[in-house]
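start32.cif, holding mmCIF, N, CA and C atoms and all ligand atoms:
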data_protein
#
loop_
_atom_site.label_atom_id
_atom_site.label_comp_id
_atom_site.auth_asym_id
_atom_site.auth_seq_id
_atom_site.Cartn_x
_atom_site.Cartn_y
_atom_site.Cartn_z
N MET M 1 0.84 -1.20 0.00
CA MET M 1 0.00 0.00 0.00
C MET M 1 0.87 1.24 0.00
N THR M 2 0.57 2.15 -0.86
CA THR M 2 1.29 3.41 -0.83
C THR M 2 0.72 4.27 0.27
N SER M 3 1.57 5.03 0.90
CA SER M 3 1.08 5.91 1.95
C SER M 3 0.68 7.24 1.36
N THR M 4 -0.53 7.62 1.64
CA THR M 4 -1.00 8.92 1.19
C THR M 4 -1.34 9.75 2.42
N THR M 5 -1.23 11.04 2.27
CA THR M 5 -1.62 11.88 3.40
C THR M 5 -3.13 11.92 3.46
N GLU M 6 -3.62 12.35 4.57
CA GLU M 6 -5.06 12.49 4.74
C GLU M 6 -5.67 13.32 3.62
N ALA M 7 -4.95 14.36 3.22
CA ALA M 7 -5.51 15.31 2.26
C ALA M 7 -5.68 14.68 0.89
N ASP M 8 -4.94 13.64 0.62
CA ASP M 8 -5.00 13.04 -0.70
C ASP M 8 -6.13 12.03 -0.83
N ARG M 9 -6.68 11.67 0.28
CA ARG M 9 -7.73 10.65 0.22
C ARG M 9 -8.97 11.18 -0.47
N GLU M 10 -9.68 10.27 -1.06
CA GLU M 10 -10.95 10.64 -1.67
C GLU M 10 -11.90 11.13 -0.57
N PRO M 11 -12.71 12.11 -0.91
CA PRO M 11 -13.68 12.55 0.09
C PRO M 11 -14.67 11.44 0.42
N GLU M 12 -15.08 11.40 1.66
CA GLU M 12 -16.04 10.39 2.07
C GLU M 12 -17.32 11.07 2.48
N ALA M 13 -18.37 10.30 2.43
CA ALA M 13 -19.69 10.87 2.65
C ALA M 13 -19.82 11.50 4.04
N ASP M 14 -19.11 10.93 5.02
CA ASP M 14 -19.28 11.46 6.38
C ASP M 14 -18.20 12.48 6.75
N ASP M 15 -17.42 12.91 5.78
CA ASP M 15 -16.45 13.96 6.06
C ASP M 15 -17.17 15.25 6.40
N PRO M 16 -16.65 15.99 7.37
CA PRO M 16 -17.28 17.27 7.68
C PRO M 16 -17.17 18.23 6.49
N VAL M 17 -18.18 19.02 6.31
CA VAL M 17 -18.16 20.02 5.25
C VAL M 17 -18.40 21.40 5.87
N PRO M 18 -17.89 22.45 5.24
CA PRO M 18 -18.13 23.79 5.77
C PRO M 18 -19.61 24.13 5.70
N THR M 19 -20.12 24.70 6.76
CA THR M 19 -21.51 25.10 6.75
C THR M 19 -21.65 26.62 6.76
N GLU M 20 -20.54 27.29 7.11
CA GLU M 20 -20.60 28.74 7.20
C GLU M 20 -19.21 29.30 7.02
N LEU M 21 -19.11 30.37 6.24
CA LEU M 21 -17.84 31.03 6.04
C LEU M 21 -17.96 32.47 6.52
N GLY M 22 -16.90 32.96 7.10
CA GLY M 22 -16.94 34.35 7.55
C GLY M 22 -15.55 34.92 7.64
N ARG M 23 -15.51 36.19 7.98
CA ARG M 23 -14.23 36.85 8.16
C ARG M 23 -14.16 37.41 9.57
N ASP M 24 -12.95 37.39 10.09
CA ASP M 24 -12.70 38.02 11.37
C ASP M 24 -11.41 38.81 11.21
N GLY M 25 -11.53 40.08 10.94
CA GLY M 25 -10.34 40.86 10.65
C GLY M 25 -9.68 40.33 9.39
N THR M 26 -8.43 39.91 9.53
CA THR M 26 -7.71 39.38 8.37
C THR M 26 -7.85 37.86 8.29
N ALA M 27 -8.60 37.29 9.17
CA ALA M 27 -8.70 35.84 9.21
C ALA M 27 -9.98 35.35 8.55
N LEU M 28 -9.89 34.12 8.09
CA LEU M 28 -11.05 33.45 7.52
C LEU M 28 -11.63 32.53 8.58
N LEU M 29 -12.93 32.58 8.72
CA LEU M 29 -13.59 31.69 9.68
C LEU M 29 -14.38 30.63 8.92
N ILE M 30 -14.24 29.41 9.36
CA ILE M 30 -15.01 28.33 8.76
C ILE M 30 -15.71 27.56 9.86
N ARG M 31 -17.02 27.44 9.72
CA ARG M 31 -17.74 26.56 10.64
C ARG M 31 -18.02 25.26 9.89
N TRP M 32 -17.79 24.17 10.57
CA TRP M 32 -17.91 22.86 9.93
C TRP M 32 -19.15 22.13 10.40
N SER M 33 -19.56 21.17 9.60
CA SER M 33 -20.78 20.43 9.90
C SER M 33 -20.66 19.59 11.16
N ASP M 34 -19.41 19.39 11.63
CA ASP M 34 -19.28 18.65 12.89
C ASP M 34 -19.25 19.59 14.09
N GLY M 35 -19.53 20.87 13.85
CA GLY M 35 -19.64 21.82 14.94
C GLY M 35 -18.36 22.55 15.28
N ARG M 36 -17.26 22.15 14.68
CA ARG M 36 -16.01 22.82 14.99
C ARG M 36 -15.91 24.12 14.21
N GLN M 37 -15.15 25.02 14.77
CA GLN M 37 -14.94 26.30 14.09
C GLN M 37 -13.45 26.53 13.92
N GLN M 38 -13.11 27.01 12.77
CA GLN M 38 -11.70 27.16 12.42
C GLN M 38 -11.44 28.61 12.07
N ARG M 39 -10.26 29.08 12.48
CA ARG M 39 -9.86 30.45 12.19
C ARG M 39 -8.49 30.40 11.54
N LEU M 40 -8.43 30.85 10.31
CA LEU M 40 -7.17 30.78 9.55
C LEU M 40 -6.78 32.18 9.09
N GLU M 41 -5.58 32.58 9.48
CA GLU M 41 -5.09 33.86 8.99
C GLU M 41 -4.91 33.79 7.48
N THR M 42 -5.35 34.83 6.80
CA THR M 42 -5.31 34.81 5.35
C THR M 42 -3.89 34.65 4.82
N GLU M 43 -2.95 35.35 5.45
CA GLU M 43 -1.55 35.24 5.00
C GLU M 43 -1.07 33.79 5.11
N THR M 44 -1.40 33.18 6.23
CA THR M 44 -1.00 31.79 6.45
C THR M 44 -1.65 30.88 5.42
N LEU M 45 -2.90 31.14 5.18
CA LEU M 45 -3.66 30.33 4.23
C LEU M 45 -3.04 30.40 2.84
N GLN M 46 -2.67 31.59 2.44
CA GLN M 46 -2.09 31.69 1.10
C GLN M 46 -0.71 31.03 1.06
N ARG M 47 0.01 31.16 2.17
CA ARG M 47 1.33 30.53 2.20
C ARG M 47 1.21 29.01 2.09
N GLN M 48 0.08 28.49 2.53
CA GLN M 48 -0.14 27.04 2.44
C GLN M 48 -0.82 26.66 1.14
N CYS M 49 -0.87 27.58 0.20
CA CYS M 49 -1.53 27.31 -1.07
C CYS M 49 -1.00 26.02 -1.67
N PRO M 50 -1.92 25.12 -2.01
CA PRO M 50 -1.47 23.80 -2.48
C PRO M 50 -1.09 23.74 -3.96
N CYS M 51 -1.12 24.85 -4.68
CA CYS M 51 -0.78 24.76 -6.10
C CYS M 51 0.72 24.55 -6.27
N ALA M 52 1.10 24.06 -7.42
CA ALA M 52 2.50 23.68 -7.64
C ALA M 52 3.44 24.87 -7.50
N THR M 53 3.02 26.01 -8.01
CA THR M 53 3.88 27.18 -7.96
C THR M 53 4.19 27.58 -6.52
N CYS M 54 3.18 27.61 -5.70
CA CYS M 54 3.39 28.04 -4.32
C CYS M 54 4.16 27.01 -3.53
N ARG M 55 3.90 25.76 -3.81
CA ARG M 55 4.67 24.73 -3.10
C ARG M 55 6.14 24.93 -3.37
N GLU M 56 6.45 25.29 -4.60
CA GLU M 56 7.84 25.53 -4.95
C GLU M 56 8.36 26.79 -4.28
N ARG M 57 7.51 27.81 -4.29
CA ARG M 57 7.96 29.10 -3.77
C ARG M 57 8.15 29.08 -2.27
N TYR M 58 7.23 28.43 -1.58
CA TYR M 58 7.26 28.52 -0.12
C TYR M 58 7.92 27.32 0.54
N ARG M 59 8.07 26.26 -0.19
CA ARG M 59 8.60 25.06 0.45
C ARG M 59 9.92 24.65 -0.16
N ASP M 60 10.67 25.62 -0.68
CA ASP M 60 11.92 25.24 -1.32
C ASP M 60 13.05 25.08 -0.32
N ALA M 61 12.70 24.95 0.95
CA ALA M 61 13.72 24.63 1.94
C ALA M 61 14.38 23.31 1.59
N GLU M 62 13.56 22.41 1.02
CA GLU M 62 14.13 21.17 0.54
C GLU M 62 14.85 21.46 -0.77
N PRO M 63 16.05 20.97 -0.92
CA PRO M 63 16.74 21.20 -2.19
C PRO M 63 15.95 20.61 -3.35
N ALA M 64 15.84 21.38 -4.42
CA ALA M 64 15.00 20.97 -5.54
C ALA M 64 15.42 19.60 -6.06
N SER M 65 16.68 19.48 -6.40
CA SER M 65 17.25 18.20 -6.79
C SER M 65 18.73 18.43 -7.03
N ALA M 66 19.48 17.42 -6.86
CA ALA M 66 20.92 17.58 -7.03
C ALA M 66 21.31 17.44 -8.49
N ASP M 67 20.46 17.91 -9.34
CA ASP M 67 20.69 17.76 -10.77
C ASP M 67 21.53 18.89 -11.30
N SER M 68 22.80 18.65 -11.45
CA SER M 68 23.67 19.70 -11.97
C SER M 68 24.27 19.27 -13.31
N SER M 69 23.69 18.22 -13.88
CA SER M 69 24.27 17.69 -15.10
C SER M 69 24.13 18.66 -16.27
N HIS M 70 22.98 19.30 -16.38
CA HIS M 70 22.86 20.31 -17.42
C HIS M 70 23.20 21.67 -16.83
N ALA M 71 23.36 22.65 -17.66
CA ALA M 71 23.72 24.00 -17.25
C ALA M 71 25.16 24.09 -16.77
N GLY M 72 25.90 23.05 -16.94
CA GLY M 72 27.33 23.11 -16.64
C GLY M 72 27.64 23.60 -15.25
N GLY M 73 26.86 23.18 -14.29
CA GLY M 73 27.13 23.58 -12.93
C GLY M 73 26.68 24.98 -12.59
N LYS M 74 26.18 25.67 -13.58
CA LYS M 74 25.70 27.03 -13.32
C LYS M 74 24.36 26.94 -12.61
N ARG M 75 24.17 27.78 -11.67
CA ARG M 75 22.92 27.73 -10.92
C ARG M 75 21.86 28.52 -11.68
N ILE M 76 20.74 27.85 -11.91
CA ILE M 76 19.66 28.54 -12.61
C ILE M 76 18.62 28.97 -11.59
N GLU M 77 18.37 30.24 -11.56
CA GLU M 77 17.36 30.76 -10.64
C GLU M 77 16.03 30.77 -11.37
N ALA M 78 15.06 30.16 -10.77
CA ALA M 78 13.73 30.24 -11.35
C ALA M 78 13.20 31.64 -11.10
N THR M 79 12.78 32.28 -12.14
CA THR M 79 12.24 33.62 -11.94
C THR M 79 10.73 33.56 -11.91
N LEU M 80 10.19 34.06 -10.85
CA LEU M 80 8.75 34.14 -10.71
C LEU M 80 8.39 35.60 -10.61
N PRO M 81 7.24 35.94 -11.10
CA PRO M 81 6.84 37.34 -10.92
C PRO M 81 6.74 37.68 -9.45
N ILE M 82 7.45 38.68 -9.05
CA ILE M 82 7.43 39.09 -7.65
C ILE M 82 6.49 40.29 -7.53
N LEU M 83 5.66 40.22 -6.55
CA LEU M 83 4.71 41.32 -6.37
C LEU M 83 5.44 42.55 -5.87
N PRO M 84 4.99 43.71 -6.29
CA PRO M 84 5.63 44.93 -5.79
C PRO M 84 5.51 45.04 -4.28
N LEU M 85 6.38 45.85 -3.72
CA LEU M 85 6.40 45.99 -2.27
C LEU M 85 5.08 46.50 -1.71
N ALA M 86 4.34 47.17 -2.56
CA ALA M 86 3.05 47.68 -2.11
C ALA M 86 2.18 46.55 -1.57
N SER M 87 2.50 45.32 -1.96
CA SER M 87 1.67 44.20 -1.53
C SER M 87 1.72 44.01 -0.02
N THR M 88 2.72 44.57 0.63
CA THR M 88 2.77 44.41 2.07
C THR M 88 2.07 45.55 2.80
N ALA M 89 1.60 46.52 2.03
CA ALA M 89 1.02 47.70 2.65
C ALA M 89 -0.31 47.40 3.34
N ALA M 90 -1.10 46.54 2.74
CA ALA M 90 -2.41 46.25 3.31
C ALA M 90 -2.51 44.76 3.57
N PRO M 91 -3.29 44.39 4.57
CA PRO M 91 -3.42 42.95 4.84
C PRO M 91 -4.07 42.22 3.67
N LEU M 92 -3.60 41.04 3.46
CA LEU M 92 -4.15 40.20 2.40
C LEU M 92 -5.59 39.84 2.75
N ARG M 93 -6.42 39.82 1.74
CA ARG M 93 -7.82 39.48 2.00
C ARG M 93 -8.28 38.36 1.07
N VAL M 94 -9.20 37.58 1.58
CA VAL M 94 -9.88 36.61 0.72
C VAL M 94 -11.03 37.35 0.05
N GLU M 95 -11.04 37.35 -1.26
CA GLU M 95 -12.12 38.04 -1.96
C GLU M 95 -13.33 37.15 -2.09
N ARG M 96 -13.10 35.93 -2.47
CA ARG M 96 -14.22 34.99 -2.48
C ARG M 96 -13.70 33.57 -2.50
N MET M 97 -14.63 32.67 -2.20
CA MET M 97 -14.31 31.26 -2.19
C MET M 97 -15.32 30.57 -3.09
N GLU M 98 -14.79 29.91 -4.09
CA GLU M 98 -15.67 29.24 -5.04
C GLU M 98 -15.65 27.75 -4.79
N PRO M 99 -16.82 27.17 -4.60
CA PRO M 99 -16.85 25.72 -4.38
C PRO M 99 -16.32 24.97 -5.60
N VAL M 100 -15.54 23.95 -5.36
CA VAL M 100 -15.06 23.07 -6.42
C VAL M 100 -15.64 21.70 -6.12
N GLY M 101 -16.55 21.27 -6.97
CA GLY M 101 -17.23 20.02 -6.67
C GLY M 101 -17.86 20.13 -5.29
N ASN M 102 -17.84 19.05 -4.55
CA ASN M 102 -18.39 19.12 -3.20
C ASN M 102 -17.31 18.78 -2.19
N TYR M 103 -16.07 19.09 -2.54
CA TYR M 103 -14.98 18.67 -1.67
C TYR M 103 -13.91 19.73 -1.49
N ALA M 104 -14.04 20.87 -2.17
CA ALA M 104 -12.93 21.83 -2.11
C ALA M 104 -13.42 23.25 -2.40
N TYR M 105 -12.55 24.20 -2.10
CA TYR M 105 -12.77 25.58 -2.47
C TYR M 105 -11.59 26.10 -3.28
N ALA M 106 -11.91 26.89 -4.28
CA ALA M 106 -10.88 27.70 -4.93
C ALA M 106 -10.92 29.04 -4.22
N ILE M 107 -9.82 29.41 -3.56
CA ILE M 107 -9.81 30.63 -2.77
C ILE M 107 -9.17 31.75 -3.58
N ARG M 108 -9.91 32.82 -3.74
CA ARG M 108 -9.41 33.98 -4.47
C ARG M 108 -8.99 35.05 -3.48
N TYR M 109 -7.74 35.44 -3.58
CA TYR M 109 -7.24 36.50 -2.72
C TYR M 109 -7.26 37.81 -3.49
N ASP M 110 -7.10 38.91 -2.78
CA ASP M 110 -7.11 40.18 -3.50
C ASP M 110 -5.77 40.41 -4.21
N ARG M 111 -4.81 39.58 -3.93
CA ARG M 111 -3.56 39.61 -4.70
C ARG M 111 -2.82 38.29 -4.48
N GLY M 112 -1.82 38.11 -5.29
CA GLY M 112 -1.06 36.87 -5.15
C GLY M 112 -1.75 35.72 -5.84
N CYS M 113 -1.31 34.54 -5.48
CA CYS M 113 -1.77 33.34 -6.18
C CYS M 113 -3.25 33.08 -5.97
N ASN M 114 -3.92 32.81 -7.06
CA ASN M 114 -5.33 32.45 -6.99
C ASN M 114 -5.59 31.09 -7.59
N LYS M 115 -4.58 30.27 -7.59
CA LYS M 115 -4.71 28.98 -8.29
C LYS M 115 -4.97 27.82 -7.36
N GLY M 116 -4.87 28.09 -6.07
CA GLY M 116 -4.94 26.97 -5.13
C GLY M 116 -6.35 26.41 -4.99
N ILE M 117 -6.44 25.10 -5.03
CA ILE M 117 -7.69 24.41 -4.72
C ILE M 117 -7.49 23.77 -3.36
N TYR M 118 -8.24 24.25 -2.39
CA TYR M 118 -8.10 23.76 -1.02
C TYR M 118 -9.20 22.75 -0.76
N THR M 119 -8.83 21.51 -0.63
CA THR M 119 -9.85 20.53 -0.29
C THR M 119 -10.27 20.75 1.16
N PHE M 120 -11.49 20.33 1.47
CA PHE M 120 -11.97 20.48 2.84
C PHE M 120 -11.00 19.79 3.80
N ARG M 121 -10.55 18.63 3.40
CA ARG M 121 -9.64 17.89 4.25
C ARG M 121 -8.33 18.65 4.48
N TYR M 122 -7.86 19.27 3.42
CA TYR M 122 -6.62 20.03 3.54
C TYR M 122 -6.82 21.23 4.46
N LEU M 123 -7.94 21.91 4.30
CA LEU M 123 -8.23 23.05 5.16
C LEU M 123 -8.22 22.63 6.63
N ARG M 124 -8.81 21.49 6.90
CA ARG M 124 -8.86 21.05 8.30
C ARG M 124 -7.48 20.67 8.81
N GLU M 125 -6.63 20.24 7.93
CA GLU M 125 -5.27 19.91 8.36
C GLU M 125 -4.48 21.15 8.75
N LEU M 126 -4.93 22.29 8.29
CA LEU M 126 -4.20 23.53 8.61
C LEU M 126 -4.42 23.96 10.05
N GLY M 127 -5.36 23.35 10.70
CA GLY M 127 -5.56 23.60 12.13
C GLY M 127 -6.24 24.94 12.39
N GLY M 128 -5.93 25.50 13.55
CA GLY M 128 -6.52 26.78 13.93
C GLY M 128 -7.95 26.66 14.44
N PHE M 129 -8.26 25.50 15.00
CA PHE M 129 -9.62 25.32 15.51
C PHE M 129 -9.80 26.11 16.81
N THR M 130 -10.90 26.80 16.88
CA THR M 130 -11.15 27.63 18.05
C THR M 130 -12.19 26.99 18.97
N SER M 131 -12.79 25.92 18.52
CA SER M 131 -13.75 25.22 19.38
C SER M 131 -13.77 23.77 18.95
N ARG M 132 -14.35 22.93 19.80
CA ARG M 132 -14.36 21.52 19.47
C ARG M 132 -15.71 21.09 18.97
ZN ZN M 201 -0.65 28.96 -5.29
#
Mind converting the file's structure to structure tokens?
Amino acid sequence: MTSTTEADREPEADDPVPTELGRDGTALLIRWSDGRQQRLETETLQRQCPCATCRERYRDAEPASADSSHAGGKRIEATLPILPLASTAAPLRVERMEPVGNYAYAIRYDRGCNKGIYTFRYLRELGGFTSR
């Protein structure tokens, strides 16, 4: 059996689903069908964006690969569009959340990456529960 993380599992019928979404300052609030309430800071949420680009951008603590065979040992820097400094002037906001099927949300921020599909299971793995 291959080991998969919880987030990779297929959704199950009895998985909790969000019943209410809200904002609290810069944080996103999610109430779940099992009665728990979650509070996620928007900045944190975007940093945990599950899309490939963000995983690379934010999780490159792990060395990409020891592949130096091409480029003659020259280090190639991946260039990504960097947001202007103005992006730090105001707190990041969630503009809207679009349901994807019945298992995930596409979260649109007012800036930065808007490609992440956050499965319900993944959202719950991010923690930040304020009640049981
Ligand atoms: Zn992303």
Check every protein, DNA and RNA residue against ligand ZN 201 (chain M), keep those with an atom at most 8 Å away (counting only N, CA and C atoms and all ligand atoms), and present them as a short mmCIF file (atom, residue, chain, number, x, y, z; two decimals) with N, CA and C atoms, in the coordinates of the input.
data_model
loop_
_atom_site.label_atom_id
_atom_site.label_comp_id
_atom_site.auth_asym_id
_atom_site.auth_seq_id
_atom_site.Cartn_x
_atom_site.Cartn_y
_atom_site.Cartn_z
N GLN M 46 -2.67 31.59 2.44
CA GLN M 46 -2.09 31.69 1.10
C GLN M 46 -0.71 31.03 1.06
N ARG M 47 0.01 31.16 2.17
CA ARG M 47 1.33 30.53 2.20
C ARG M 47 1.21 29.01 2.09
N GLN M 48 0.08 28.49 2.53
CA GLN M 48 -0.14 27.04 2.44
C GLN M 48 -0.82 26.66 1.14
N CYS M 49 -0.87 27.58 0.20
CA CYS M 49 -1.53 27.31 -1.07
C CYS M 49 -1.00 26.02 -1.67
N PRO M 50 -1.92 25.12 -2.01
CA PRO M 50 -1.47 23.80 -2.48
C PRO M 50 -1.09 23.74 -3.96
N CYS M 51 -1.12 24.85 -4.68
CA CYS M 51 -0.78 24.76 -6.10
C CYS M 51 0.72 24.55 -6.27
N ALA M 52 1.10 24.06 -7.42
CA ALA M 52 2.50 23.68 -7.64
C ALA M 52 3.44 24.87 -7.50
N THR M 53 3.02 26.01 -8.01
CA THR M 53 3.88 27.18 -7.96
C THR M 53 4.19 27.58 -6.52
N CYS M 54 3.18 27.61 -5.70
CA CYS M 54 3.39 28.04 -4.32
C CYS M 54 4.16 27.01 -3.53
N ARG M 55 3.90 25.76 -3.81
CA ARG M 55 4.67 24.73 -3.10
C ARG M 55 6.14 24.93 -3.37
N GLY M 112 -1.82 38.11 -5.29
CA GLY M 112 -1.06 36.87 -5.15
C GLY M 112 -1.75 35.72 -5.84
N CYS M 113 -1.31 34.54 -5.48
CA CYS M 113 -1.77 33.34 -6.18
C CYS M 113 -3.25 33.08 -5.97
N ASN M 114 -3.92 32.81 -7.06
CA ASN M 114 -5.33 32.45 -6.99
C ASN M 114 -5.59 31.09 -7.59
N LYS M 115 -4.58 30.27 -7.59
CA LYS M 115 -4.71 28.98 -8.29
C LYS M 115 -4.97 27.82 -7.36
N GLY M 116 -4.87 28.09 -6.07
CA GLY M 116 -4.94 26.97 -5.13
C GLY M 116 -6.35 26.41 -4.99
N ILE M 117 -6.44 25.10 -5.03
CA ILE M 117 -7.69 24.41 -4.72
C ILE M 117 -7.49 23.77 -3.36
#
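Between atom N of Ile107 (chain M) and atom N of Pro91 (chain M) the interatomic distance comes to 18.3 Å.
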List every protein, DNA or RNA residue that has an atom no more than 6 Å from (-12.6, 21.8, -2.2) in the file's coordinate frame, counting all atoms listed in the file, and report them as a PDB file with N, CA and C atoms, keeping the file's coordinate frame.
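Produced file part03.pdb, reproduced below:
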ATOM      1  N   PRO M  99     -16.820  27.170  -4.600  1.00  0.00           N
ATOM      2  CA  PRO M  99     -16.850  25.720  -4.380  1.00  0.00           C
ATOM      3  C   PRO M  99     -16.320  24.970  -5.600  1.00  0.00           C
ATOM      4  N   VAL M 100     -15.540  23.950  -5.360  1.00  0.00           N
ATOM      5  CA  VAL M 100     -15.060  23.070  -6.420  1.00  0.00           C
ATOM      6  C   VAL M 100     -15.640  21.700  -6.120  1.00  0.00           C
ATOM      7  N   ASN M 102     -17.840  19.050  -4.550  1.00  0.00           N
ATOM      8  CA  ASN M 102     -18.390  19.120  -3.200  1.00  0.00           C
ATOM      9  C   ASN M 102     -17.310  18.780  -2.190  1.00  0.00           C
ATOM     10  N   TYR M 103     -16.070  19.090  -2.540  1.00  0.00           N
ATOM     11  CA  TYR M 103     -14.980  18.670  -1.670  1.00  0.00           C
ATOM     12  C   TYR M 103     -13.910  19.730  -1.490  1.00  0.00           C
ATOM     13  N   ALA M 104     -14.040  20.870  -2.170  1.00  0.00           N
ATOM     14  CA  ALA M 104     -12.930  21.830  -2.110  1.00  0.00           C
ATOM     15  C   ALA M 104     -13.420  23.250  -2.400  1.00  0.00           C
ATOM     16  N   TYR M 105     -12.550  24.200  -2.100  1.00  0.00           N
ATOM     17  CA  TYR M 105     -12.770  25.580  -2.470  1.00  0.00           C
ATOM     18  C   TYR M 105     -11.590  26.100  -3.280  1.00  0.00           C
ATOM     19  N   ALA M 106     -11.910  26.890  -4.280  1.00  0.00           N
ATOM     20  CA  ALA M 106     -10.880  27.700  -4.930  1.00  0.00           C
ATOM     21  C   ALA M 106     -10.920  29.040  -4.220  1.00  0.00           C
ATOM     22  N   ILE M 117      -6.440  25.100  -5.030  1.00  0.00           N
ATOM     23  CA  ILE M 117      -7.690  24.410  -4.720  1.00  0.00           C
ATOM     24  C   ILE M 117      -7.490  23.770  -3.360  1.00  0.00           C
ATOM     25  N   TYR M 118      -8.240  24.250  -2.390  1.00  0.00           N
ATOM     26  CA  TYR M 118      -8.100  23.760  -1.020  1.00  0.00           C
ATOM     27  C   TYR M 118      -9.200  22.750  -0.760  1.00  0.00           C
ATOM     28  N   THR M 119      -8.830  21.510  -0.630  1.00  0.00           N
ATOM     29  CA  THR M 119      -9.850  20.530  -0.290  1.00  0.00           C
ATOM     30  C   THR M 119     -10.270  20.750   1.160  1.00  0.00           C
ATOM     31  N   PHE M 120     -11.490  20.330   1.470  1.00  0.00           N
ATOM     32  CA  PHE M 120     -11.970  20.480   2.840  1.00  0.00           C
ATOM     33  C   PHE M 120     -11.000  19.790   3.800  1.00  0.00           C
TER      34      PHE M 120
END
Please provide the set of residues having any atom within 7 Å of Arg31 (chain M), restricted to all atoms listed in the file, with same-chain residues fewer than 4 positions apart removed, written as a short mmCIF file (atom, residue, chain, number, x, y, z; two decimals) with N, CA and C atoms, keeping the file's coordinate frame.
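Now in out-v1.cif:
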data_model
loop_
_atom_site.label_atom_id
_atom_site.label_comp_id
_atom_site.auth_asym_id
_atom_site.auth_seq_id
_atom_site.Cartn_x
_atom_site.Cartn_y
_atom_site.Cartn_z
N VAL M 17 -18.18 19.02 6.31
CA VAL M 17 -18.16 20.02 5.25
C VAL M 17 -18.40 21.40 5.87
N PRO M 18 -17.89 22.45 5.24
CA PRO M 18 -18.13 23.79 5.77
C PRO M 18 -19.61 24.13 5.70
N THR M 19 -20.12 24.70 6.76
CA THR M 19 -21.51 25.10 6.75
C THR M 19 -21.65 26.62 6.76
N GLU M 20 -20.54 27.29 7.11
CA GLU M 20 -20.60 28.74 7.20
C GLU M 20 -19.21 29.30 7.02
N LEU M 21 -19.11 30.37 6.24
CA LEU M 21 -17.84 31.03 6.04
C LEU M 21 -17.96 32.47 6.52
N GLY M 22 -16.90 32.96 7.10
CA GLY M 22 -16.94 34.35 7.55
C GLY M 22 -15.55 34.92 7.64
N GLY M 35 -19.53 20.87 13.85
CA GLY M 35 -19.64 21.82 14.94
C GLY M 35 -18.36 22.55 15.28
N ARG M 36 -17.26 22.15 14.68
CA ARG M 36 -16.01 22.82 14.99
C ARG M 36 -15.91 24.12 14.21
N GLN M 37 -15.15 25.02 14.77
CA GLN M 37 -14.94 26.30 14.09
C GLN M 37 -13.45 26.53 13.92
N GLN M 38 -13.11 27.01 12.77
CA GLN M 38 -11.70 27.16 12.42
C GLN M 38 -11.44 28.61 12.07
#
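As for CA of Arg96 (chain M) and CA of Arg39 (chain M), they are spaced 16.0 Å apart.
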